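Shown next, in structure tokens, is the structure this report addresses.
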Amino acid sequence: MILFNLSKSNCKLKLSMLLIIMVLLDFKVQAQYKRDNYVNILDLRSSLLQTNVISSSTTLFSDMGAWHAYSLPERQEDYGGFNGPVLFNRKGDVVSESVAKIALQINNTPFVFNQPIASFLPGMAMMKYTNDEITLEQSLIFSDKRSALVRNTIKNNSSVPVSVKVSWSGKVKVESRLAHENEQIKISFPKGIYLMDFPWKNRLDVVINKNSYQVVCKDEITIHPHSSITFYIQHSNFINENDYTVNYHHEEKAEQKFIDNQVRWNGYISKALANGGRWPNDPLIRNLKVKSMITLMTNWRSAAGDLKHDGIFPSYSTFDGFWAWDSWKHAAACALFFPELGKNNIRAMFDYQDKDGMIADCVFLNSKDNNYRDSKPPLAAWAVWEVYKKTGDLLFLKEMFPKLVRYHHWWYKNRDHDQNGLCEFGSTDGSREAAAWESGMDNAVRYDDALMLKNNNKAWSLNQESVDLNSFLYLEKLLLAKMSALLSIQGSEDYFKDARRLKKMVNTLMYDKVTGYYYDIKVAGKSKILLEGTEGWHPLWTRIASLDQASAVAKVMADTTRFNTYVPFPTFPANQSKFDPAHGYWRGPVWLDQVMFGIEGLRNYHQDKLADQLLMKFINHAEGMRDNKPIHENYNPLTGDSLGAMNFSWSAAALLRLLCE
């Protein structure tokens, strides 16, 4: 028997200590949710020396759906300003190496800009220059869908007053016209307008040359010892004349914008980290979650031109426009921290649903560029459902349901050649190229010998029924059944019935007992195309497989000669002659959406140990996961080298889901 003999004072002391520990632990947890803990997760330093278009290797910062972006300077010539802007409405044009570079004279002596302390926080870029006399801090945020704000704070470090003269200058690289209008510098392009709004109205001398300008404050500013002054510059980018608002000023709300920015980003981080996941206290995992969110938000574009809703670019480095199955994945990830953007990702694609129910492959600022040669894998209902799960928004479900039904039936009317209930990928122009694009796996080995079959005057199919397509359609049937029940719409049992029938067909015709894997099959004769690919584990992700079938597929996924490579989940097995990890695109490289389908599929069948091992193997070996390099389109499964486009949104979306759920 253990006896406790505690005095009242001892009890109070122990209780006080316990309360202190609890407060400290709560402070530590809350601190994880603050953006200040996630500094320089991405290296934002670059040099914009290109004559026209941004380099595909440059990392930029944008936010709020703006169509322009900036980076931190790495050359001394650019110190005093943020690099850029880069305009996405002009295909990534670099307008300037530094469009508004500040110059200071301190007591009539030019201030020398030495290498700054440069910081990139989620939602804000910062530079700090200092000497014995003064410190200049510059902070850049995006204040709305068209504007960025630069806050400049000059602090007097000395014990005597200092006199400061302030000026700005900039040079424009691309075809444009500079003017001084409404106390603003206006840069007009053949398409678009860029405005710079400087402080101290009516106290500025402005000089405009053909492609450069200088703005000088007429007054000297006195800063008292250990005091500071703060002033703001607003940068606004408009897509065209119709988008342009004359006298676009918000400077009276400038500091509130900085407060709002911090609150908003702390909110995003809190929501994502609150989802926890399997390693909630691992700093590396938290950093990857935040890096994923930054990637998605930098690729966010607001409604503009013919794009009627906000959406997310696949990668500002390489792609413009909104793409269908990219958008479905982006929406599912945004549901974790910014559901409204997730909804609009989906709406942006359905805005251009055609009269037959088809969703275009991709849509652009100019709708004449929209691609209707093919659609993309049907993950739209899944995206809607993921948003609904996080929001409980029945009105959104009601809005999207009839559109989802039309899209679902479009597949069976236009992509089921023999009308047997198993669909094929295809195209509207009869081209095999567009048919392969429709699968999303553009040059996958399984299509090397595929031929085209005509279904009607505007629909052709590949001559093979694809296991991934029919797995997605099975999931759509289940989700449409759930939605119709929630919305009290008749037809729920019919969707469940169709799903059961499709499940039986996939498991009977597409699963091979000898190899323990799923394959595409030929339309004629239903023979299996015995080429393993990541599509073979999609029946686990959609829960089509039986326990025994899932166990067999998991063994194939765990095989180190096939899919369990140095970086696991190559799109084609490593032991095959057509495996091409360095150049193959969909013939070997690792794509993070396929990692997501694989990991979530394993978890659906309680293969958590294997799922954890494979996911951590990916994180430990893929380039950019453990440092401040960007997330890429795909990865070399043998070396871990990053491949394809930088700052890739669906990779970020898949990674965020894997780490949060």
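Residue names in the structure tokens use chain letters A, B, ... in the order shown, residue numbers from 1 in each chain, and ligand numbers from 1 in the order shown.
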Could you pull the residues within 6 Å of stretch 114-126 of chain A, counting only C-alpha atoms, minus those fewer than 2 positions along the same chain, as a compact mmCIF listing (two decimals) with N, CA and C atoms, in the first residue's frame?
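The resulting file, out_27.txt, is reproduced below:
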```txt
# COMPACT_ATOMS: atom_id res chain seq x y z
N ARG A 35 1.67 31.29 -38.70
CA ARG A 35 2.51 31.27 -39.89
C ARG A 35 3.97 31.62 -39.60
N VAL A 39 8.73 29.84 -41.85
CA VAL A 39 9.49 30.83 -42.62
C VAL A 39 10.40 30.13 -43.63
N ASN A 40 10.38 30.63 -44.87
CA ASN A 40 11.26 30.13 -45.95
C ASN A 40 11.09 28.63 -46.20
N LYS A 128 14.71 42.92 -45.05
CA LYS A 128 15.15 43.83 -43.99
C LYS A 128 16.59 44.24 -44.26
N TYR A 129 16.80 45.56 -44.44
CA TYR A 129 18.12 46.13 -44.66
C TYR A 129 18.46 47.00 -43.45
N GLN A 138 10.73 45.97 -45.72
CA GLN A 138 9.73 45.95 -46.79
C GLN A 138 8.95 44.65 -46.71
N SER A 139 7.65 44.75 -46.70
CA SER A 139 6.78 43.57 -46.61
C SER A 139 5.76 43.63 -47.73
N LEU A 140 5.54 42.51 -48.41
CA LEU A 140 4.61 42.45 -49.54
C LEU A 140 3.54 41.41 -49.26
N ILE A 141 2.29 41.82 -49.40
CA ILE A 141 1.16 40.90 -49.33
C ILE A 141 0.25 41.19 -50.53
```
### Task
Write out as a ChimeraX atom specification each polymer residue whose atoms come within 8 Å of stretch 459-475 of chain A, counting only C-alpha atoms; drop sequence neighbours fewer than 4 positions from it.
/A:377-379,382,408,414-417,422-430,432,435,439,450-455,479,499,502-503,506,510,518-524,535-536,538-539,542,544
Please produce a file of those selected residues containing N, CA and C atoms, as a compact mmCIF listing (two decimals), in the first residue's frame.
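Output (out-v1.txt):
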```txt
# COMPACT_ATOMS: atom_id res chain seq x y z
N PRO A 377 -10.84 12.07 -66.62
CA PRO A 377 -11.45 11.06 -65.75
C PRO A 377 -12.49 11.65 -64.81
N PRO A 378 -13.61 10.95 -64.63
CA PRO A 378 -14.76 11.49 -63.89
C PRO A 378 -14.58 11.43 -62.38
N LEU A 379 -13.91 12.45 -61.86
CA LEU A 379 -13.74 12.59 -60.41
C LEU A 379 -14.54 13.77 -59.87
N TRP A 382 -16.74 12.98 -56.81
CA TRP A 382 -15.87 12.80 -55.64
C TRP A 382 -15.45 14.15 -55.09
N HIS A 408 -22.30 12.22 -65.73
CA HIS A 408 -22.20 10.77 -65.55
C HIS A 408 -22.83 10.03 -66.73
N ASN A 414 -21.61 8.20 -74.78
CA ASN A 414 -20.55 8.53 -75.75
C ASN A 414 -19.27 7.72 -75.60
N ARG A 415 -19.12 6.94 -74.54
CA ARG A 415 -17.88 6.21 -74.32
C ARG A 415 -18.11 4.76 -73.92
N ASP A 416 -19.20 4.18 -74.38
CA ASP A 416 -19.45 2.75 -74.15
C ASP A 416 -19.78 2.14 -75.50
N HIS A 417 -18.73 1.72 -76.22
CA HIS A 417 -18.87 1.33 -77.62
C HIS A 417 -19.86 0.19 -77.82
N LEU A 422 -19.45 -1.09 -69.56
CA LEU A 422 -18.05 -0.78 -69.29
C LEU A 422 -17.60 0.27 -70.30
N CYS A 423 -17.07 1.38 -69.79
CA CYS A 423 -16.74 2.51 -70.67
C CYS A 423 -15.27 2.51 -71.08
N GLU A 424 -15.01 3.29 -72.12
CA GLU A 424 -13.65 3.47 -72.64
C GLU A 424 -13.32 4.96 -72.65
N PHE A 425 -12.05 5.29 -72.55
CA PHE A 425 -11.62 6.66 -72.82
C PHE A 425 -11.68 6.90 -74.33
N GLY A 426 -11.89 8.15 -74.72
CA GLY A 426 -12.01 8.43 -76.15
C GLY A 426 -11.84 9.90 -76.45
N SER A 427 -12.37 10.31 -77.60
CA SER A 427 -12.22 11.70 -78.04
C SER A 427 -13.43 12.10 -78.86
N THR A 428 -13.55 13.41 -79.10
CA THR A 428 -14.65 13.91 -79.91
C THR A 428 -14.25 14.07 -81.37
N ASP A 429 -12.93 14.01 -81.66
CA ASP A 429 -12.46 14.22 -83.03
C ASP A 429 -11.90 12.94 -83.67
N GLY A 430 -12.01 11.83 -82.95
CA GLY A 430 -11.53 10.57 -83.50
C GLY A 430 -10.03 10.34 -83.36
N ARG A 432 -6.52 9.44 -81.65
CA ARG A 432 -6.01 8.62 -80.56
C ARG A 432 -5.28 9.48 -79.54
N ALA A 435 -7.72 10.89 -77.17
CA ALA A 435 -8.28 9.80 -76.37
C ALA A 435 -7.34 9.45 -75.21
N SER A 439 -7.65 10.08 -70.67
CA SER A 439 -7.34 9.22 -69.52
C SER A 439 -6.52 9.97 -68.48
N ALA A 450 -3.30 0.71 -78.98
CA ALA A 450 -4.74 0.97 -79.00
C ALA A 450 -5.17 1.55 -80.34
N LEU A 451 -6.40 1.23 -80.74
CA LEU A 451 -7.02 1.75 -81.96
C LEU A 451 -8.30 2.48 -81.59
N MET A 452 -8.85 3.24 -82.55
CA MET A 452 -10.05 4.03 -82.30
C MET A 452 -11.28 3.35 -82.89
N LEU A 453 -12.40 3.45 -82.17
CA LEU A 453 -13.69 2.93 -82.60
C LEU A 453 -14.70 4.07 -82.62
N LYS A 454 -15.50 4.16 -83.67
CA LYS A 454 -16.48 5.24 -83.77
C LYS A 454 -17.77 4.84 -83.07
N ASN A 455 -18.25 5.73 -82.20
CA ASN A 455 -19.51 5.50 -81.49
C ASN A 455 -20.66 6.28 -82.12
N LEU A 479 -21.74 7.76 -55.01
CA LEU A 479 -21.89 9.12 -54.50
C LEU A 479 -23.18 9.77 -54.99
N ALA A 499 -24.25 0.33 -59.49
CA ALA A 499 -22.91 0.21 -58.91
C ALA A 499 -22.58 -1.25 -58.61
N LEU A 502 -21.74 -2.95 -61.88
CA LEU A 502 -20.44 -2.55 -62.41
C LEU A 502 -19.32 -3.17 -61.59
N LYS A 503 -19.48 -3.21 -60.28
CA LYS A 503 -18.46 -3.83 -59.41
C LYS A 503 -18.23 -5.29 -59.79
N VAL A 506 -16.22 -5.42 -63.14
CA VAL A 506 -14.80 -5.08 -62.99
C VAL A 506 -14.06 -6.22 -62.32
N MET A 510 -11.86 -7.75 -65.21
CA MET A 510 -10.62 -6.96 -65.21
C MET A 510 -9.59 -7.43 -64.20
N TYR A 518 -5.29 -5.90 -61.47
CA TYR A 518 -6.35 -5.43 -62.36
C TYR A 518 -5.74 -4.84 -63.64
N TYR A 519 -6.45 -5.06 -64.77
CA TYR A 519 -5.96 -4.60 -66.08
C TYR A 519 -7.10 -4.06 -66.93
N ASP A 520 -6.75 -3.21 -67.91
CA ASP A 520 -7.67 -2.87 -68.99
C ASP A 520 -7.97 -4.13 -69.79
N ILE A 521 -9.11 -4.11 -70.48
CA ILE A 521 -9.47 -5.25 -71.33
C ILE A 521 -9.86 -4.76 -72.72
N LYS A 522 -9.72 -5.62 -73.71
CA LYS A 522 -10.13 -5.30 -75.08
C LYS A 522 -11.66 -5.25 -75.17
N VAL A 523 -12.16 -4.32 -75.98
CA VAL A 523 -13.61 -4.26 -76.20
C VAL A 523 -14.08 -5.54 -76.86
N ALA A 524 -13.38 -5.96 -77.89
CA ALA A 524 -13.74 -7.20 -78.60
C ALA A 524 -13.08 -8.38 -77.92
N GLU A 535 -3.07 2.25 -62.65
CA GLU A 535 -4.53 2.08 -62.75
C GLU A 535 -4.99 0.80 -62.07
N GLY A 536 -4.07 -0.17 -61.91
CA GLY A 536 -4.43 -1.45 -61.31
C GLY A 536 -4.77 -1.39 -59.84
N HIS A 538 -6.51 1.33 -58.60
CA HIS A 538 -7.67 2.20 -58.45
C HIS A 538 -8.90 1.47 -57.91
N PRO A 539 -9.10 0.18 -58.20
CA PRO A 539 -10.23 -0.52 -57.57
C PRO A 539 -10.12 -0.60 -56.05
N THR A 542 -11.41 2.98 -54.87
CA THR A 542 -12.86 3.13 -54.96
C THR A 542 -13.62 2.02 -54.23
N ILE A 544 -13.81 -1.21 -54.89
CA ILE A 544 -14.42 -2.25 -55.71
C ILE A 544 -13.90 -3.63 -55.32
```
### Query
If you count only C-alpha atoms, which residues fall within 10 Å of stretch 547-562 of chain A, apart from same-chain ones fewer than 2 positions away, as a ChimeraX atom specification?
/A:507,511-518,532-534,536-537,539-541,543-545,564-566,568-576,579,598,601-602,604-607,610-611,613-614
For the selection just defined, write its residues with C-alpha atoms to a file, as an mmCIF file, in the first residue's frame.
```cif
data_model
loop_
_atom_site.group_PDB
_atom_site.id
_atom_site.type_symbol
_atom_site.label_atom_id
_atom_site.label_comp_id
_atom_site.auth_asym_id
_atom_site.auth_seq_id
_atom_site.Cartn_x
_atom_site.Cartn_y
_atom_site.Cartn_z
ATOM 1 C CA ASN A 507 -13.938 -7.824 -60.522
ATOM 2 C CA TYR A 511 -9.035 -8.840 -62.312
ATOM 3 C CA ASP A 512 -6.516 -11.561 -63.124
ATOM 4 C CA LYS A 513 -6.288 -14.313 -60.507
ATOM 5 C CA VAL A 514 -2.926 -15.582 -61.729
ATOM 6 C CA THR A 515 -1.063 -12.282 -61.358
ATOM 7 C CA GLY A 516 -3.299 -10.843 -58.632
ATOM 8 C CA TYR A 517 -3.820 -7.522 -60.403
ATOM 9 C CA TYR A 518 -6.351 -5.431 -62.362
ATOM 10 C CA GLU A 532 0.679 -3.414 -65.086
ATOM 11 C CA GLY A 533 0.201 0.260 -64.259
ATOM 12 C CA THR A 534 -0.981 2.436 -61.417
ATOM 13 C CA GLY A 536 -4.430 -1.451 -61.309
ATOM 14 C CA TRP A 537 -4.811 -0.210 -57.737
ATOM 15 C CA PRO A 539 -10.229 -0.522 -57.571
ATOM 16 C CA LEU A 540 -8.775 -0.364 -54.037
ATOM 17 C CA TRP A 541 -9.211 3.410 -53.898
ATOM 18 C CA ARG A 543 -13.439 -0.015 -52.810
ATOM 19 C CA ILE A 544 -14.421 -2.252 -55.712
ATOM 20 C CA ALA A 545 -11.957 -5.008 -54.796
ATOM 21 C CA ASN A 564 8.122 -0.407 -54.381
ATOM 22 C CA THR A 565 11.090 1.446 -55.878
ATOM 23 C CA TYR A 566 13.442 3.947 -54.187
ATOM 24 C CA PRO A 568 7.550 4.148 -54.613
ATOM 25 C CA PHE A 569 4.608 4.057 -57.027
ATOM 26 C CA PRO A 570 6.099 4.478 -60.515
ATOM 27 C CA THR A 571 3.389 4.607 -63.172
ATOM 28 C CA PHE A 572 4.890 1.570 -64.933
ATOM 29 C CA PRO A 573 6.719 -1.312 -63.206
ATOM 30 C CA ALA A 574 10.491 -1.012 -62.927
ATOM 31 C CA ASN A 575 11.139 -4.547 -64.202
ATOM 32 C CA GLN A 576 9.679 -3.920 -67.673
ATOM 33 C CA PHE A 579 10.054 1.503 -68.084
ATOM 34 C CA GLY A 598 -2.372 3.898 -53.805
ATOM 35 C CA GLY A 601 -6.536 2.442 -51.426
ATOM 36 C CA LEU A 602 -4.319 0.442 -49.059
ATOM 37 C CA ASN A 604 -9.352 1.245 -47.307
ATOM 38 C CA TYR A 605 -8.360 -2.404 -46.783
ATOM 39 C CA HIS A 606 -6.555 -1.926 -43.439
ATOM 40 C CA GLN A 607 -3.098 -2.174 -44.995
ATOM 41 C CA LEU A 610 2.377 -0.928 -45.718
ATOM 42 C CA ALA A 611 0.719 2.421 -46.518
ATOM 43 C CA GLN A 613 6.004 2.570 -44.993
ATOM 44 C CA LEU A 614 5.445 3.533 -48.625
#
```
### Message
Counting only C-alpha atoms, which residue out of A:Ala653, A:Lys155, A:Ser546, A:Phe198 sits closest to A:Gly342?
### Response
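Selected residue with least distance to A:Gly342: A:Ala653.
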### Query
What residues in stretch 382-566 of chain A get the DSSP label helix (DSSP H, G or I)? Please answer as a PyMOL selection string.
chain A and resi 382-391+394-414+432-439+445-447+467-486+492-510+534-541+547-558
### Message
Using Å and a single decimal, report how far atom CA of A:Arg657 sits from atom CA of A:Trp385.
### Response
14.3 Å
### Query
Could you pull the residues within 8 Å of stretch 351-358 of chain A, counting only C-alpha atoms, minus those fewer than 5 positions along the same chain, as a PyMOL selection string?
chain A and resi 308+363+375+403+406-410
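If only C-alpha atoms are the atoms counted, then among A:Met483, A:Leu659, A:Leu48, A:Ile154 the closest residue to A:Ile102 is A:Ile154.
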